[in-house]
$ cat protein_33.txt   # compact mmCIF, C-alpha atoms and all ligand atoms
# COMPACT_ATOMS: atom_id res chain seq x y z
CA MET E 1 29.20 52.69 -23.81
CA ILE E 2 26.44 53.17 -21.28
CA GLU E 3 25.50 49.87 -19.68
CA ASP E 4 22.47 48.56 -17.88
CA ILE E 5 24.09 46.99 -14.81
CA VAL E 6 22.31 43.96 -13.37
CA LEU E 7 22.73 43.94 -9.60
CA PRO E 8 22.01 40.91 -7.40
CA GLN E 9 18.63 40.86 -5.67
CA ASP E 10 19.59 38.39 -2.95
CA LYS E 11 22.26 40.34 -1.06
CA PRO E 12 22.59 43.71 0.62
CA ILE E 13 24.71 46.06 -1.47
CA THR E 14 27.48 48.41 -0.37
CA LEU E 15 27.84 51.29 -2.80
CA CYS E 16 31.51 52.34 -2.86
CA MET E 17 32.27 55.80 -4.22
CA TYR E 18 35.52 55.61 -6.15
CA SER E 19 37.89 58.10 -7.79
CA GLY E 20 40.97 56.09 -8.82
CA GLY E 21 43.04 58.00 -6.20
CA LEU E 22 45.11 56.66 -3.33
CA ASP E 23 42.47 56.88 -0.59
CA SER E 24 39.54 55.28 -2.37
CA THR E 25 41.81 52.59 -3.86
CA ALA E 26 43.01 51.72 -0.34
CA MET E 27 39.35 51.50 0.67
CA LEU E 28 38.57 49.11 -2.21
CA TYR E 29 41.63 47.05 -1.41
CA LYS E 30 40.37 46.64 2.15
CA LEU E 31 36.75 45.91 1.19
CA LEU E 32 37.35 43.65 -1.81
CA ILE E 33 40.64 41.91 -1.12
CA VAL E 34 41.43 42.03 2.64
CA ASP E 35 38.07 41.63 4.41
CA HIS E 36 36.10 38.51 3.53
CA THR E 37 32.40 39.47 3.45
CA PRO E 38 30.78 37.29 0.76
CA GLU E 39 27.32 37.90 2.23
CA ARG E 40 27.50 41.41 0.77
CA HIS E 41 27.73 42.65 -2.82
CA TYR E 42 29.91 45.67 -3.58
CA HIS E 43 28.99 48.10 -6.30
CA ILE E 44 31.84 50.43 -7.19
CA HIS E 45 30.86 53.77 -8.69
CA HIS E 46 33.33 56.19 -10.24
CA VAL E 47 32.06 59.75 -10.62
CA ILE E 48 34.12 61.19 -13.47
CA ILE E 49 34.80 64.85 -12.75
CA LYS E 50 35.44 66.78 -15.95
CA ASN E 51 36.51 70.42 -15.70
CA TYR E 52 39.46 72.69 -16.49
CA GLN E 53 41.75 70.46 -14.40
CA ARG E 54 41.66 67.74 -17.08
CA ARG E 55 42.13 64.97 -14.51
CA ASP E 56 39.20 62.93 -15.81
CA ILE E 57 41.21 60.92 -18.35
CA PRO E 58 44.08 59.78 -16.08
CA GLU E 59 41.55 59.04 -13.32
CA MET E 60 39.48 56.92 -15.69
CA MET E 61 42.56 55.01 -16.85
CA SER E 62 43.56 54.37 -13.23
CA ALA E 63 40.10 53.19 -12.26
CA HIS E 64 39.96 50.91 -15.30
CA ASP E 65 43.37 49.31 -14.68
CA ILE E 66 42.90 48.92 -10.93
CA LEU E 67 39.44 47.38 -11.21
CA ALA E 68 40.54 45.07 -14.02
CA ASP E 69 43.17 43.68 -11.66
CA MET E 70 40.83 43.58 -8.67
CA LYS E 71 38.37 41.60 -10.78
CA GLU E 72 40.99 38.85 -10.85
CA ASN E 73 42.01 39.09 -7.19
CA ALA E 74 38.95 40.22 -5.22
CA ILE E 75 37.56 37.74 -2.72
CA ASN E 76 34.21 39.55 -2.60
CA PRO E 77 31.96 39.98 -5.65
CA PHE E 78 31.61 43.44 -7.17
CA THR E 79 30.21 45.35 -10.12
CA PHE E 80 31.28 48.73 -11.50
CA SER E 81 29.68 51.76 -13.11
CA THR E 82 30.53 55.36 -13.90
CA SER E 83 28.78 58.70 -14.17
CA LEU E 84 30.01 62.00 -15.53
CA ILE E 85 29.83 65.45 -14.00
CA GLU E 86 31.11 67.99 -16.51
CA TYR E 87 31.04 71.58 -15.41
CA PRO E 88 32.63 74.94 -16.10
CA THR E 89 34.79 76.46 -13.40
CA PHE E 90 35.07 80.10 -12.47
CA ASN E 91 38.49 81.50 -11.57
CA HIS E 92 39.72 77.91 -11.10
CA ARG E 93 37.14 77.19 -8.42
CA THR E 94 35.84 73.63 -8.39
CA LEU E 95 32.98 71.72 -6.80
CA ASN E 96 33.76 69.64 -3.74
CA ASP E 97 34.29 66.04 -4.90
CA HIS E 98 32.74 64.55 -1.76
CA ASP E 99 29.56 66.60 -2.31
CA ALA E 100 29.38 65.40 -5.91
CA PHE E 101 29.84 61.79 -4.76
CA THR E 102 27.08 62.18 -2.19
CA PHE E 103 24.68 63.69 -4.73
CA MET E 104 25.19 60.68 -7.00
CA ALA E 105 25.18 58.10 -4.20
CA ALA E 106 21.87 59.37 -2.77
CA ASN E 107 20.23 59.17 -6.21
CA MET E 108 21.61 55.66 -6.82
CA ALA E 109 20.36 54.49 -3.41
CA LEU E 110 16.87 55.67 -4.38
CA LEU E 111 17.04 53.58 -7.56
CA VAL E 112 18.43 50.43 -5.92
CA PRO E 113 16.64 49.50 -2.68
CA LYS E 114 19.20 46.74 -1.95
CA ILE E 115 21.81 49.45 -1.33
CA ASN E 116 21.86 49.68 2.46
CA GLN E 117 25.37 51.02 2.93
CA VAL E 118 27.44 53.70 1.19
CA ALA E 119 31.22 53.74 1.61
CA TYR E 120 33.57 56.69 1.11
CA GLY E 121 37.37 56.60 1.07
CA LEU E 122 37.99 59.39 3.55
CA THR E 123 41.03 58.99 5.80
CA LYS E 124 41.75 60.17 9.31
CA ASP E 125 43.58 63.13 7.74
CA ASP E 126 40.40 64.18 5.89
CA ILE E 127 38.13 63.89 8.91
CA GLY E 128 39.93 66.41 11.10
CA ASP E 129 38.72 69.53 12.87
CA THR E 130 37.84 71.28 9.63
CA TYR E 131 35.51 68.51 8.49
CA SER E 132 32.47 69.35 10.64
CA ASP E 133 31.19 72.16 8.34
CA ARG E 134 31.61 69.99 5.28
CA ARG E 135 29.99 67.05 7.04
CA GLU E 136 26.91 69.17 7.79
CA LYS E 137 26.63 70.38 4.18
CA ASN E 138 27.13 66.83 3.00
CA SER E 139 24.38 65.55 5.28
CA HIS E 140 22.03 68.22 3.89
CA ILE E 141 22.72 66.99 0.36
CA TRP E 142 22.11 63.39 1.42
CA ASN E 143 18.90 64.13 3.32
CA SER E 144 17.43 66.41 0.66
CA ILE E 145 17.69 63.63 -1.95
CA TYR E 146 17.34 60.35 -0.06
CA GLY E 147 15.25 61.67 2.81
CA LYS E 148 16.01 58.96 5.34
CA HIS E 149 18.85 57.32 7.18
CA MET E 150 21.55 55.38 5.36
CA ASP E 151 24.52 53.55 6.85
CA ARG E 152 27.23 55.81 5.45
CA VAL E 153 30.61 54.33 6.32
CA TYR E 154 34.25 55.36 6.11
CA PRO E 155 36.18 52.06 6.08
CA ILE E 156 39.63 53.68 6.21
CA SER E 157 38.84 56.61 8.50
CA HIS E 158 41.03 55.02 11.17
CA LEU E 159 44.00 55.28 8.78
CA THR E 160 46.10 58.31 7.91
CA LYS E 161 47.00 58.81 4.25
CA ARG E 162 50.40 57.41 5.12
CA ASP E 163 48.73 54.30 6.56
CA ALA E 164 46.60 54.00 3.40
CA TRP E 165 49.80 54.17 1.34
CA ASP E 166 51.38 51.47 3.49
CA LEU E 167 48.28 49.26 3.23
CA LEU E 168 48.32 49.23 -0.58
CA PRO E 169 50.69 46.87 -2.37
CA SER E 170 53.11 48.86 -4.56
CA PHE E 171 51.45 47.45 -7.68
CA TYR E 172 48.24 49.31 -6.81
CA ARG E 173 50.03 52.43 -5.57
CA ARG E 174 51.62 52.84 -8.97
CA LEU E 175 48.25 52.58 -10.71
CA THR E 176 46.47 55.23 -8.60
CA TRP E 177 46.01 58.77 -9.84
CA SER E 178 45.57 61.50 -7.22
CA CYS E 179 46.90 64.65 -8.98
CA ARG E 180 44.32 67.41 -9.44
CA GLU E 181 46.00 69.33 -12.22
CA PRO E 182 47.97 67.02 -14.51
CA VAL E 183 50.51 68.43 -16.91
CA TRP E 184 49.86 67.29 -20.45
CA LYS E 185 52.48 66.65 -23.10
CA GLY E 186 50.67 65.60 -26.24
CA ASN E 187 48.35 62.85 -25.07
CA MET E 188 50.45 61.92 -22.01
CA ALA E 189 49.50 63.22 -18.57
CA LYS E 190 52.02 63.57 -15.75
CA PRO E 191 51.34 64.48 -12.10
CA CYS E 192 51.96 68.21 -11.55
CA GLY E 193 54.00 67.71 -8.38
CA LEU E 194 52.52 70.95 -6.99
CA CYS E 195 48.96 70.22 -5.91
CA ARG E 196 48.23 69.01 -2.37
CA PRO E 197 47.74 65.30 -3.20
CA CYS E 198 50.98 65.32 -5.25
CA LYS E 199 52.92 66.82 -2.34
CA VAL E 200 51.43 64.43 0.21
CA ILE E 201 52.21 61.37 -1.92
CA ALA E 202 55.74 62.63 -2.70
CA SER E 203 56.39 62.76 1.07
CA PHE E 204 55.74 58.98 1.30
CA LYS E 205 58.25 57.98 -1.36
ZN ZN E 301 49.33 67.35 -8.80

$ encode --input "protein_33.txt" --output "structure tokens"
Amino acid sequence: MIEDIVLPQDKPITLCMYSGGLDSTAMLYKLLIVDHTPERHYHIHHVIIKNYQRRDIPEMMSAHDILADMKENAINPFTFSTSLIEYPTFNHRTLNDHDAFTFMAANMALLVPKINQVAYGLTKDDIGDTYSDRREKNSHIWNSIYGKHMDRVYPISHLTKRDAWDLLPSFYRRLTWSCREPVWKGNMAKPCGLCRPCKVIASFK
């Protein structure tokens, strides 16, 4: 079902880009449950990435279950929406998720003037030495669509992935889905155990 989301007109809105994975769930946990900021509305947006990896379905189930629980426990108000990017891959090469998130976020910010902040769940481990090239490309995407400054924030960039894991209650950890290439048996998906997110998370257990 495609919904027409009614957003509040009386509060500034933080648009939170969400995947259902460990990092962005830790970000939501911090923004919606830990930090009390009722003067702000949070709009959570899940960009569903559909390609040969077939991670879209477990990610959607994670996002659904996590947000259903957060709806009960959040101390700050929020709304939720999704969009779908479905694309072919070539020799198993995929688009950069963060670029896809930025493309969608910049377009949403144009539609909703109350959005004055965009939050991404990047950790300290993501924003290392190798991030500067990606940051520049990402800024080009943002500027070419939105055309002016936006407060783009990284609420858990002071945390490593290990810290993000430690921040999340085990209930939420279990619900997250970070695997890029799930192994399917019938209609059940299991983490592959081989991709980078799988290996990083396995090292925390
Ligand atoms: Zn995996």

$ closest_atom_pairs --input "protein_33.txt" --of "chain E" --to "ligand ZN 301 (chain E)" --cutoff "9 Å" --atoms "only C-alpha atoms and all ligand atoms" --output "CSV"
residue,atom,partner,partner_atom,distance
E:Ser178,CA,E:ZN301,ZN,7.1
E:Cys179,CA,E:ZN301,ZN,3.6
E:Arg180,CA,E:ZN301,ZN,5.1
E:Glu181,CA,E:ZN301,ZN,5.2
E:Pro182,CA,E:ZN301,ZN,5.9
E:Val183,CA,E:ZN301,ZN,8.3
E:Lys190,CA,E:ZN301,ZN,8.4
E:Pro191,CA,E:ZN301,ZN,4.8
E:Cys192,CA,E:ZN301,ZN,3.9
E:Gly193,CA,E:ZN301,ZN,4.7
E:Leu194,CA,E:ZN301,ZN,5.1
E:Cys195,CA,E:ZN301,ZN,4.1
E:Arg196,CA,E:ZN301,ZN,6.7
E:Pro197,CA,E:ZN301,ZN,6.2
E:Cys198,CA,E:ZN301,ZN,4.4
E:Lys199,CA,E:ZN301,ZN,7.4

$ closest_atom_pairs --input "protein_33.txt" --of "segment 69-156 of chain E" --to "segment 20-35 of chain E" --cutoff "7 Å" --atoms "all atoms listed in the file" --output "JSON lines"
{"residue": "E:Asn73", "atom": "CA", "partner": "E:Ile33", "partner_atom": "CA", "distance": 6.8}
{"residue": "E:Ala74", "atom": "CA", "partner": "E:Ile33", "partner_atom": "CA", "distance": 4.7}
{"residue": "E:Ile75", "atom": "CA", "partner": "E:Ile33", "partner_atom": "CA", "distance": 5.4}
{"residue": "E:Asn76", "atom": "CA", "partner": "E:Leu32", "partner_atom": "CA", "distance": 5.2}
{"residue": "E:Gly121", "atom": "CA", "partner": "E:Ser24", "partner_atom": "CA", "distance": 4.3}
{"residue": "E:Leu122", "atom": "CA", "partner": "E:Asp23", "partner_atom": "CA", "distance": 6.6}
{"residue": "E:Thr123", "atom": "CA", "partner": "E:Asp23", "partner_atom": "CA", "distance": 6.9}
{"residue": "E:Pro155", "atom": "CA", "partner": "E:Met27", "partner_atom": "CA", "distance": 6.3}
{"residue": "E:Ile156", "atom": "CA", "partner": "E:Met27", "partner_atom": "CA", "distance": 6.0}

$ residues_around --input "protein_33.txt" --residues "Arg93 of chain E" --least-positions-apart "5" --cutoff "10 Å" --atoms "all atoms listed in the file" --output "list in words"
Asn51, Tyr52 and Pro88 of chain E

$ atom_distance --input "protein_33.txt" --atom1 "atom CA of Leu67 of chain E" --atom2 "atom CA of Gln117 of chain E"
20.3 Å

$ atom_distance --input "protein_33.txt" --atom1 "atom CA of Leu175 of chain E" --atom2 "atom CA of Pro38 of chain E"
25.9 Å

$ closest_atom_pairs --input "protein_33.txt" --of "segment 58-173 of chain E" --to "segment 46-50 of chain E" --cutoff "6 Å" --atoms "only C-alpha atoms" --output "JSON lines"
{"residue": "E:Thr82", "atom": "CA", "partner": "E:His46", "partner_atom": "CA", "distance": 4.7}
{"residue": "E:Ser83", "atom": "CA", "partner": "E:Val47", "partner_atom": "CA", "distance": 4.9}
{"residue": "E:Leu84", "atom": "CA", "partner": "E:Ile48", "partner_atom": "CA", "distance": 4.7}
{"residue": "E:Ile85", "atom": "CA", "partner": "E:Ile49", "partner_atom": "CA", "distance": 5.2}
{"residue": "E:Glu86", "atom": "CA", "partner": "E:Lys50", "partner_atom": "CA", "distance": 4.5}

$ closest_residue --input "protein_33.txt" --among "E:Ile44, E:Trp165, E:Val153, E:His158" --to "Met70 of chain E" --atoms "all atoms listed in the file"
E:Ile44

$ atom_distance --input "protein_33.txt" --atom1 "atom CA of Met108 of chain E" --atom2 "atom CA of Ser139 of chain E"
15.9 Å

$ closest_residue --input "protein_33.txt" --among "E:Ile145, E:Ile66, E:Val118, E:Ile13" --to "Phe78 of chain E" --atoms "only C-alpha atoms"
E:Ile13

$ axis_aligned_box --input "protein_33.txt" --around "segment 93-101 of chain E" --padding-each-side "5 Å" --output "AutoDock Vina command-line options"
--center_x 33.3 --center_y 69.5 --center_z -5.1 --size_x 17.8 --size_y 25.4 --size_z 16.7

$ residues_around --input "protein_33.txt" --residues "Leu159 of chain E" --least-positions-apart "2" --cutoff "8 Å" --atoms "only C-alpha atoms" --output "compact mmCIF listing (two decimals) with C-alpha atoms, in the frame of the given file"
# COMPACT_ATOMS: atom_id res chain seq x y z
CA THR E 123 41.03 58.99 5.80
CA LYS E 124 41.75 60.17 9.31
CA ASP E 125 43.58 63.13 7.74
CA ILE E 156 39.63 53.68 6.21
CA SER E 157 38.84 56.61 8.50
CA LYS E 161 47.00 58.81 4.25
CA ARG E 162 50.40 57.41 5.12
CA ASP E 163 48.73 54.30 6.56
CA ALA E 164 46.60 54.00 3.40

$ closest_residue --input "protein_33.txt" --among "E:Ile127, E:Ile5, E:Ala189, E:Ala63" --to "His98 of chain E" --atoms "all atoms listed in the file"
E:Ile127

$ closest_residue --input "protein_33.txt" --among "E:Val6, E:Lys205, E:Ala119, E:Pro77" --to "Asp166 of chain E" --atoms "all atoms listed in the file"
E:Lys205

$ closest_residue --input "protein_33.txt" --among "E:Gly186, E:Leu15, E:Met60, E:Asp65" --to "Met150 of chain E" --atoms "only C-alpha atoms"
E:Leu15

$ residues_around --input "protein_33.txt" --residues "Asp10 of chain E" --least-positions-apart "3" --cutoff "10 Å" --atoms "all atoms listed in the file" --output "PyMOL selection string"
chain E and resi 7+13+39-41+114

$ build_atoms --input "protein_33.txt" --residues "segment 17-49 of chain E" --atoms "N, CA and C atoms" --output "mmCIF file, in the coordinates of the input"
data_model
loop_
_atom_site.group_PDB
_atom_site.id
_atom_site.type_symbol
_atom_site.label_atom_id
_atom_site.label_comp_id
_atom_site.auth_asym_id
_atom_site.auth_seq_id
_atom_site.Cartn_x
_atom_site.Cartn_y
_atom_site.Cartn_z
ATOM 1 N N MET E 17 31.981 54.662 -3.340
ATOM 2 C CA MET E 17 32.270 55.800 -4.220
ATOM 3 C C MET E 17 33.782 55.833 -4.476
ATOM 4 N N TYR E 18 34.124 55.851 -5.762
ATOM 5 C CA TYR E 18 35.520 55.610 -6.150
ATOM 6 C C TYR E 18 36.036 56.685 -7.110
ATOM 7 N N SER E 19 37.314 57.067 -6.927
ATOM 8 C CA SER E 19 37.890 58.100 -7.790
ATOM 9 C C SER E 19 39.113 57.633 -8.579
ATOM 10 N N GLY E 20 39.707 56.504 -8.196
ATOM 11 C CA GLY E 20 40.970 56.090 -8.820
ATOM 12 C C GLY E 20 42.179 56.618 -8.049
ATOM 13 N N GLY E 21 41.946 57.437 -7.006
ATOM 14 C CA GLY E 21 43.040 58.000 -6.200
ATOM 15 C C GLY E 21 43.488 57.054 -5.100
ATOM 16 N N LEU E 22 44.513 57.493 -4.375
ATOM 17 C CA LEU E 22 45.110 56.660 -3.330
ATOM 18 C C LEU E 22 44.091 56.225 -2.270
ATOM 19 N N ASP E 23 43.326 57.188 -1.741
ATOM 20 C CA ASP E 23 42.470 56.880 -0.590
ATOM 21 C C ASP E 23 41.366 55.888 -0.960
ATOM 22 N N SER E 24 40.664 56.175 -2.054
ATOM 23 C CA SER E 24 39.540 55.280 -2.370
ATOM 24 C C SER E 24 40.040 53.931 -2.885
ATOM 25 N N THR E 25 41.253 53.896 -3.460
ATOM 26 C CA THR E 25 41.810 52.590 -3.860
ATOM 27 C C THR E 25 42.172 51.772 -2.626
ATOM 28 N N ALA E 26 42.717 52.442 -1.595
ATOM 29 C CA ALA E 26 43.010 51.720 -0.340
ATOM 30 C C ALA E 26 41.720 51.186 0.264
ATOM 31 N N MET E 27 40.646 51.984 0.150
ATOM 32 C CA MET E 27 39.350 51.500 0.670
ATOM 33 C C MET E 27 38.905 50.250 -0.094
ATOM 34 N N LEU E 28 38.995 50.284 -1.425
ATOM 35 C CA LEU E 28 38.570 49.110 -2.210
ATOM 36 C C LEU E 28 39.442 47.903 -1.891
ATOM 37 N N TYR E 29 40.729 48.156 -1.728
ATOM 38 C CA TYR E 29 41.630 47.050 -1.410
ATOM 39 C C TYR E 29 41.190 46.367 -0.117
ATOM 40 N N LYS E 30 40.830 47.196 0.872
ATOM 41 C CA LYS E 30 40.370 46.640 2.150
ATOM 42 C C LYS E 30 39.048 45.890 1.976
ATOM 43 N N LEU E 31 38.094 46.491 1.278
ATOM 44 C CA LEU E 31 36.750 45.910 1.190
ATOM 45 C C LEU E 31 36.691 44.691 0.264
ATOM 46 N N LEU E 32 37.480 44.706 -0.803
ATOM 47 C CA LEU E 32 37.350 43.650 -1.810
ATOM 48 C C LEU E 32 38.388 42.546 -1.674
ATOM 49 N N ILE E 33 39.541 42.886 -1.109
ATOM 50 C CA ILE E 33 40.640 41.910 -1.120
ATOM 51 C C ILE E 33 41.052 41.482 0.297
ATOM 52 N N VAL E 34 40.966 42.373 1.283
ATOM 53 C CA VAL E 34 41.430 42.030 2.640
ATOM 54 C C VAL E 34 40.308 41.408 3.472
ATOM 55 N N ASP E 35 39.169 42.094 3.543
ATOM 56 C CA ASP E 35 38.070 41.630 4.410
ATOM 57 C C ASP E 35 37.175 40.661 3.634
ATOM 58 N N HIS E 36 36.930 39.510 4.215
ATOM 59 C CA HIS E 36 36.100 38.510 3.530
ATOM 60 C C HIS E 36 34.644 38.675 3.973
ATOM 61 N N THR E 37 33.817 39.240 3.109
ATOM 62 C CA THR E 37 32.400 39.470 3.450
ATOM 63 C C THR E 37 31.530 39.060 2.252
ATOM 64 N N PRO E 38 31.505 37.741 1.946
ATOM 65 C CA PRO E 38 30.780 37.290 0.760
ATOM 66 C C PRO E 38 29.265 37.452 0.863
ATOM 67 N N GLU E 39 28.771 37.730 2.072
ATOM 68 C CA GLU E 39 27.320 37.900 2.230
ATOM 69 C C GLU E 39 26.858 39.232 1.656
ATOM 70 N N ARG E 40 27.799 40.060 1.240
ATOM 71 C CA ARG E 40 27.500 41.410 0.770
ATOM 72 C C ARG E 40 27.986 41.561 -0.672
ATOM 73 N N HIS E 41 27.256 42.319 -1.482
ATOM 74 C CA HIS E 41 27.730 42.650 -2.820
ATOM 75 C C HIS E 41 28.252 44.089 -2.803
ATOM 76 N N TYR E 42 29.337 44.322 -3.524
ATOM 77 C CA TYR E 42 29.910 45.670 -3.580
ATOM 78 C C TYR E 42 29.693 46.245 -4.972
ATOM 79 N N HIS E 43 29.090 47.415 -5.013
ATOM 80 C CA HIS E 43 28.990 48.100 -6.300
ATOM 81 C C HIS E 43 29.891 49.335 -6.249
ATOM 82 N N ILE E 44 30.860 49.348 -7.153
ATOM 83 C CA ILE E 44 31.840 50.430 -7.190
ATOM 84 C C ILE E 44 31.355 51.473 -8.189
ATOM 85 N N HIS E 45 31.308 52.718 -7.763
ATOM 86 C CA HIS E 45 30.860 53.770 -8.690
ATOM 87 C C HIS E 45 31.904 54.877 -8.771
ATOM 88 N N HIS E 46 32.336 55.132 -9.992
ATOM 89 C CA HIS E 46 33.330 56.190 -10.240
ATOM 90 C C HIS E 46 32.613 57.397 -10.826
ATOM 91 N N VAL E 47 32.602 58.496 -10.073
ATOM 92 C CA VAL E 47 32.060 59.750 -10.620
ATOM 93 C C VAL E 47 33.209 60.449 -11.349
ATOM 94 N N ILE E 48 33.078 60.534 -12.658
ATOM 95 C CA ILE E 48 34.120 61.190 -13.470
ATOM 96 C C ILE E 48 33.893 62.699 -13.397
ATOM 97 N N ILE E 49 34.901 63.400 -12.902
ATOM 98 C CA ILE E 49 34.800 64.850 -12.750
ATOM 99 C C ILE E 49 35.548 65.492 -13.919
#
